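Each remark here refers to the structure printed beneath this line.
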There are 2 protein chains.
Amino acid sequence: MNTKRVLTDRDSAVPALAEAFREHGFEGASLATLSKTTGLGKGSLYNFFPGGKAEMMDAVLEDIDRWFSEMIFSPLEHTVDPTSAVTSMMQEVAAYFRSGRRVCLVGSLGLNTAGEAFKDRVAAYFARWISALAKCLEAGKIPPVLAAHLAEDTICTIQGAIVLARGLGEEATFTRIIERQRAILLQSVARDRKISRFDG
Amino acid sequence: MNTKRVLTDRDSAVPALAEAFREHGFEGASLATLSKTTGLGKGSLYNFFPGGKAEMMDAVLEDIDRWFSEMIFSPLEHTVDPTSAVTSMMQEVAAYFRSGRRVCLVGSLGLNTAGEAFKDRVAAYFARWISALAKCLEAGKIPPVLAAHLAEDTICTIQGAIVLARGLGEEATFTRIIERQRAILLQSVARDRKISRFDG
DNA sequence: TTGCAGTTGTACCGATCAGTACACGTTAGC
DNA sequence: GCTAACGTGTACTGATCGGTACAACTGCAA
């Protein structure tokens with residue numbers, strides 16, 4: 001079917017677009033760049049994405065959202081084993097961000113005015129991530145307020161680790177920080193609420 | 001003296017340039033933008049910064065470096081009172097980044113290829129900040145390894161808090177995270193090393 | 001008043017930008 | 001093999017990019 005093939009080609013271009021946007025930013029990624037990295041001519045690009053760069057970024061964000069929903073958010077929200085859910089989240093995240101070599105596109109979109117058109121989507125991404133993790137921690141018997149703080153701190157730490165590792169040019173930094181945060185989370189869940197503890 | 005006036009005008013343009021770079025990024029800040037925000041015509045801009053945008057960014061980074069050296073790094077490195085040094089650092093940082101509304105230019109430079117020309121400076125900024133804080137914590141009798149981890153975590157948290165607060169569009173997020181991190185640092189210093197503790 | 005260094009607005013450069021138009025394959029249905 | 005729709009390369013648009021050239025203006029010193 002033609003329709004099928006169109007969608008297939010369009011979809012298969014999205015990962016390359018995502019990588020280009022990550023590396024150069026939304027403004028910095030020119031159509032020439034996007035054309036080169038996708039292997040599609042300008043004509044094809046505008047055939048698949050009539051809305052231009054904005055529609056390409058939209059498609060990329062939708063793809064990211066789908067991936068995170070399936071691999072990160074849903075498992076956290078529906079787990080019955082918080083310890084393994086946390087472990088697997090940290091593992092997936094480290095792999096996804098290539099130990100800090102890969103930038104978080106959503107995070108970087110929030111940093112400058114170029115991403116203003118996508119700010120609702122950016123906010124939704126972070127909000128969902130934090131609430132999904134908090135829900136998982138609550139399932140591990142952590143009181144709601146502390147769970148919310150731990151979740152917030154964790155997403156914050158992941159984003160900070162990317163910035164820091166990129167800035168220092170050392171992925172070891174990323175690995176170290178993530179590992180410590182993982183330990184904090186597991187320790188909190190494992191403690192099993194025997195002791196009511198300071199929660200800021 | 002004329003020379004004096006030249007330098008004064010050049011220097012007085014730097015904060016406006018910094019704000020423009022922060023808001024639009026290095027590539028996103030066009031000469032038209034820079035001209036408007038500084039109030040200087042293109043002619044004046046190139047008179048003061050013959051090297052163009054790159055020299056403007058260099059001047060901005062130098063200014064940032066000077067400010068951080070004086071207000072953040074030096075106090076941390078030479079303090080005799082770690083508790084108040086940490087408190088004042090967190091306070092200065094929160095004010096500087098406007099509770100997360102203001103982006104960390106150095107951090108955002110590290111995120112995409114546009115900032116590649118400045119990567120040594122970016123790396124030096126983070127390295128110095130971490131080592132200055134670690135030194136301060138060591139002065140508070142925290143063992144070197146733990147101090148290094150705490151310092152790394154803290155700078156990571158600050159950067160992450162900016163990303164998260166910008167992404168969510170909520171400066172309360174920034175304030176909360178910073179406050180918790182401040183508590184962790186003060187608690188570590190105050191404990192005064194009575195108990196040897198897990199340090200990741 | 002004259003001269004001069006420092007400063008500034010403006011016109012201009014070639015390159016590149018995002019986006020459009022369209023003609024040329026290519027392929028599928030018949 | 002014919003046709004028609006789909007996919008794609010290419011040439012083009014006007015706007016804007018970073019950067020240059022330079023003439024006009026400024027204020028100060030003699």
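Chain labels follow the order of the structure tokens: the first chain is A, the next B, and so on; residue numbering restarts at 1 in every chain, and ligands are counted from 1 in their shown order.
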
At most 12 Å to chain A: residues in chain D, only C-alpha atoms (C1' of nucleotides), as a PyMOL selection string: chain D and resi 5-11

Residues of chain B within 8 Å of chain A, only C-alpha atoms counted, as a ChimeraX atom specification: /B:22-25,27-28,103,107-114,119,122-124,126-127,152-153,155-161,163-164,166-169,177,180,183,200

Residue neighbourhood range 62-65 of chain A, 9 Å, only C-alpha atoms (C1' of nucleotides), exclusion window fewer than 5 positions, as a count of residues only: 8

Overlay target chain A, mobile chain B, all C-alpha paired in order, as a short mmCIF file (atom, residue, chain, number, x, y, z; two decimals) with C-alpha atoms, in the first residue's frame:
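Listed below is the output, out_35.cif:
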data_model
loop_
_atom_site.label_atom_id
_atom_site.label_comp_id
_atom_site.auth_asym_id
_atom_site.auth_seq_id
_atom_site.Cartn_x
_atom_site.Cartn_y
_atom_site.Cartn_z
CA MET B 1 0.25 -0.46 0.07
CA ASN B 2 1.57 2.98 -0.79
CA THR B 3 0.18 4.55 2.35
CA LYS B 4 2.09 2.04 4.37
CA ARG B 5 5.32 2.87 2.64
CA VAL B 6 4.84 6.59 3.15
CA LEU B 7 4.37 6.21 6.86
CA THR B 8 7.29 3.85 7.08
CA ASP B 9 9.61 6.31 5.38
CA ARG B 10 8.38 9.20 7.46
CA ASP B 11 8.77 7.28 10.66
CA SER B 12 12.17 5.98 9.74
CA ALA B 13 13.40 9.55 9.27
CA VAL B 14 12.41 10.57 12.79
CA PRO B 15 15.37 9.07 14.68
CA ALA B 16 17.83 10.85 12.41
CA LEU B 17 15.94 14.11 12.84
CA ALA B 18 16.01 13.60 16.59
CA GLU B 19 19.74 13.11 16.61
CA ALA B 20 20.29 16.23 14.50
CA PHE B 21 18.08 18.33 16.79
CA ARG B 22 19.86 16.96 19.84
CA GLU B 23 23.29 17.78 18.47
CA HIS B 24 22.58 21.21 16.96
CA GLY B 25 19.46 22.39 18.73
CA PHE B 26 16.24 23.43 17.00
CA GLU B 27 17.57 26.61 15.42
CA GLY B 28 21.03 25.22 14.83
CA ALA B 29 19.75 22.28 12.81
CA SER B 30 19.32 23.73 9.31
CA LEU B 31 17.29 22.08 6.59
CA ALA B 32 20.57 21.31 4.85
CA THR B 33 21.73 19.45 7.96
CA LEU B 34 18.43 17.62 8.34
CA SER B 35 18.46 16.67 4.68
CA LYS B 36 21.97 15.28 4.94
CA THR B 37 21.46 13.32 8.16
CA THR B 38 18.17 11.78 7.04
CA GLY B 39 19.36 11.12 3.51
CA LEU B 40 16.14 12.71 2.27
CA GLY B 41 16.10 15.64 -0.13
CA LYS B 42 14.39 18.85 0.79
CA GLY B 43 11.48 17.83 -1.40
CA SER B 44 10.93 14.58 0.48
CA LEU B 45 11.31 16.28 3.82
CA TYR B 46 8.55 18.75 2.98
CA ASN B 47 6.47 15.99 1.48
CA PHE B 48 6.51 14.08 4.77
CA PHE B 49 6.48 17.12 7.03
CA PRO B 50 4.51 19.88 5.28
CA GLY B 51 4.75 22.00 8.41
CA GLY B 52 8.51 22.27 8.06
CA LYS B 53 10.94 22.14 10.95
CA ALA B 54 8.23 22.63 13.55
CA GLU B 55 6.36 19.55 12.34
CA MET B 56 9.59 17.58 12.26
CA MET B 57 10.29 18.51 15.86
CA ASP B 58 6.70 17.63 16.74
CA ALA B 59 7.14 14.19 15.24
CA VAL B 60 10.40 13.76 17.13
CA LEU B 61 8.79 14.78 20.43
CA GLU B 62 5.91 12.42 19.80
CA ASP B 63 8.37 9.62 19.18
CA ILE B 64 10.27 10.45 22.36
CA ASP B 65 7.01 10.56 24.28
CA ARG B 66 5.99 7.18 22.94
CA TRP B 67 9.32 5.64 23.88
CA PHE B 68 9.34 7.08 27.39
CA SER B 69 5.72 6.13 27.96
CA GLU B 70 6.40 2.55 27.03
CA MET B 71 9.84 2.05 28.49
CA ILE B 72 9.90 4.39 31.49
CA PHE B 73 6.59 5.92 32.56
CA SER B 74 4.24 2.95 32.27
CA PRO B 75 6.53 0.45 34.02
CA LEU B 76 6.94 2.91 36.89
CA GLU B 77 3.23 3.60 37.14
CA HIS B 78 2.10 0.00 37.11
CA THR B 79 4.87 -1.89 38.80
CA VAL B 80 4.32 -4.22 41.73
CA ASP B 81 8.05 -4.43 42.38
CA PRO B 82 9.43 -0.92 42.98
CA THR B 83 12.99 -2.10 43.53
CA SER B 84 13.30 -3.71 40.12
CA ALA B 85 11.30 -0.90 38.49
CA VAL B 86 13.74 1.70 39.81
CA THR B 87 16.72 -0.40 38.83
CA SER B 88 15.46 -0.92 35.33
CA MET B 89 14.53 2.76 34.93
CA MET B 90 18.04 3.89 35.83
CA GLN B 91 19.50 1.30 33.52
CA GLU B 92 17.28 2.29 30.60
CA VAL B 93 17.97 5.98 31.19
CA ALA B 94 21.74 5.51 31.28
CA ALA B 95 21.56 3.58 28.03
CA TYR B 96 19.18 6.06 26.41
CA PHE B 97 21.37 9.07 27.19
CA ARG B 98 24.49 7.13 26.30
CA SER B 99 26.03 7.77 29.70
CA GLY B 100 25.59 11.48 29.25
CA ARG B 101 27.06 11.78 25.78
CA ARG B 102 23.58 12.19 24.40
CA VAL B 103 21.69 15.35 25.28
CA CYS B 104 18.12 15.32 26.57
CA LEU B 105 16.31 17.05 23.72
CA VAL B 106 13.29 17.89 25.85
CA GLY B 107 15.43 19.44 28.55
CA SER B 108 17.46 21.50 26.11
CA LEU B 109 14.29 22.74 24.41
CA GLY B 110 13.26 24.32 27.67
CA LEU B 111 16.48 26.27 27.95
CA ASN B 112 16.14 28.84 25.18
CA THR B 113 13.47 30.75 23.36
CA ALA B 114 13.70 28.52 20.30
CA GLY B 115 11.78 25.84 22.17
CA GLU B 116 9.04 28.11 23.39
CA ALA B 117 6.55 26.70 20.90
CA PHE B 118 6.91 23.30 22.54
CA LYS B 119 6.84 24.33 26.16
CA ASP B 120 3.59 22.56 27.03
CA ARG B 121 5.00 19.32 25.80
CA VAL B 122 8.24 19.90 27.68
CA ALA B 123 6.40 20.60 30.91
CA ALA B 124 4.18 17.53 30.44
CA TYR B 125 7.21 15.31 29.91
CA PHE B 126 8.87 16.32 33.16
CA ALA B 127 5.63 16.33 35.13
CA ARG B 128 4.73 12.84 33.97
CA TRP B 129 8.17 11.47 34.68
CA ILE B 130 8.24 12.85 38.20
CA SER B 131 4.73 11.72 39.01
CA ALA B 132 5.34 8.25 37.57
CA LEU B 133 8.44 7.78 39.68
CA ALA B 134 6.69 9.16 42.75
CA LYS B 135 3.86 6.69 42.24
CA CYS B 136 6.37 3.86 42.00
CA LEU B 137 8.06 4.97 45.21
CA GLU B 138 4.73 5.19 46.97
CA ALA B 139 4.09 1.62 45.90
CA GLY B 140 7.32 0.93 47.78
CA LYS B 141 5.66 2.27 50.91
CA ILE B 142 7.39 5.62 50.85
CA PRO B 143 5.13 8.40 52.18
CA PRO B 144 3.74 10.66 49.42
CA VAL B 145 5.62 13.83 50.37
CA LEU B 146 8.97 12.11 50.59
CA ALA B 147 8.23 10.16 47.42
CA ALA B 148 7.50 13.38 45.57
CA HIS B 149 10.76 14.92 46.78
CA LEU B 150 12.80 11.86 45.89
CA ALA B 151 11.23 11.70 42.45
CA GLU B 152 11.87 15.40 41.82
CA ASP B 153 15.46 15.04 43.00
CA THR B 154 16.01 12.05 40.77
CA ILE B 155 14.81 13.64 37.54
CA CYS B 156 16.77 16.75 38.51
CA THR B 157 19.87 14.65 39.04
CA ILE B 158 19.51 12.90 35.71
CA GLN B 159 19.23 16.21 33.88
CA GLY B 160 22.09 17.73 35.82
CA ALA B 161 24.26 14.70 35.19
CA ILE B 162 23.81 15.15 31.46
CA VAL B 163 24.77 18.82 31.62
CA LEU B 164 27.74 18.12 33.84
CA ALA B 165 29.04 15.13 31.91
CA ARG B 166 28.73 17.02 28.62
CA GLY B 167 30.38 20.08 30.10
CA LEU B 168 33.27 18.15 31.57
CA GLY B 169 33.49 15.84 28.58
CA GLU B 170 33.58 12.86 30.91
CA GLU B 171 30.95 10.18 30.83
CA ALA B 172 32.39 8.72 34.02
CA THR B 173 30.85 11.69 35.81
CA PHE B 174 27.43 10.70 34.55
CA THR B 175 27.87 7.08 35.53
CA ARG B 176 29.01 7.96 39.05
CA ILE B 177 26.15 10.36 39.72
CA ILE B 178 23.50 8.01 38.37
CA GLU B 179 24.87 5.14 40.41
CA ARG B 180 24.71 7.16 43.61
CA GLN B 181 21.16 8.27 42.90
CA ARG B 182 20.15 4.70 42.19
CA ALA B 183 21.59 3.68 45.57
CA ILE B 184 19.62 6.40 47.32
CA LEU B 185 16.37 5.29 45.70
CA LEU B 186 16.89 1.60 46.36
CA GLN B 187 17.91 2.28 49.93
CA SER B 188 14.74 4.32 50.47
CA VAL B 189 12.53 1.65 49.04
CA ALA B 190 14.32 -1.19 50.80
CA ARG B 191 14.12 0.52 54.18
CA ASP B 192 10.48 -0.44 53.90
CA ARG B 193 9.37 2.41 56.09
CA LYS B 194 10.51 0.99 59.37
CA ILE B 195 11.76 4.39 60.46
CA SER B 196 10.07 7.68 59.83
CA ARG B 197 12.86 9.85 58.51
CA PHE B 198 13.75 13.46 57.79
CA ASP B 199 12.36 14.37 54.40
CA GLY B 200 13.35 18.01 53.88
#

Residues of chain C within 9 Å of chain A, counting only C-alpha atoms (C1' of nucleotides), as a PyMOL selection string: chain C and resi 17-19+28

Take the residues that were just selected and, keeping C-alpha atoms (C1' of nucleotides), output them as a compact mmCIF listing (two decimals), in the first residue's frame.
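Final output, saved to selection_26.txt:
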# COMPACT_ATOMS: atom_id res chain seq x y z
C1' DC C 17 18.42 30.41 5.85
C1' DA C 18 13.36 28.21 5.60
C1' DG C 19 10.27 27.35 2.38
C1' DA C 28 1.40 0.33 -8.97

Point-to-point distance in Å for C1' of DT16 in chain D and C1' of DC22 in chain C: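 Atom-to-atom, C1' of DC22 in chain C and C1' of DT16 in chain D are spaced 25.3 Å apart.
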
Alpha helix (DSSP H) positions in range 34-186 of chain A, given as number ranges by chain: A: 34-38, 42-48, 53-68, 74-78, 82-96, 105-109, 119-139, 144-168, 171-186

Separation of C1' of DT13 in chain D from C1' of DC13 in chain C in Å: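 If I compute the distance from C1' of DC13 in chain C to C1' of DT13 in chain D, I get 19.2 Å.
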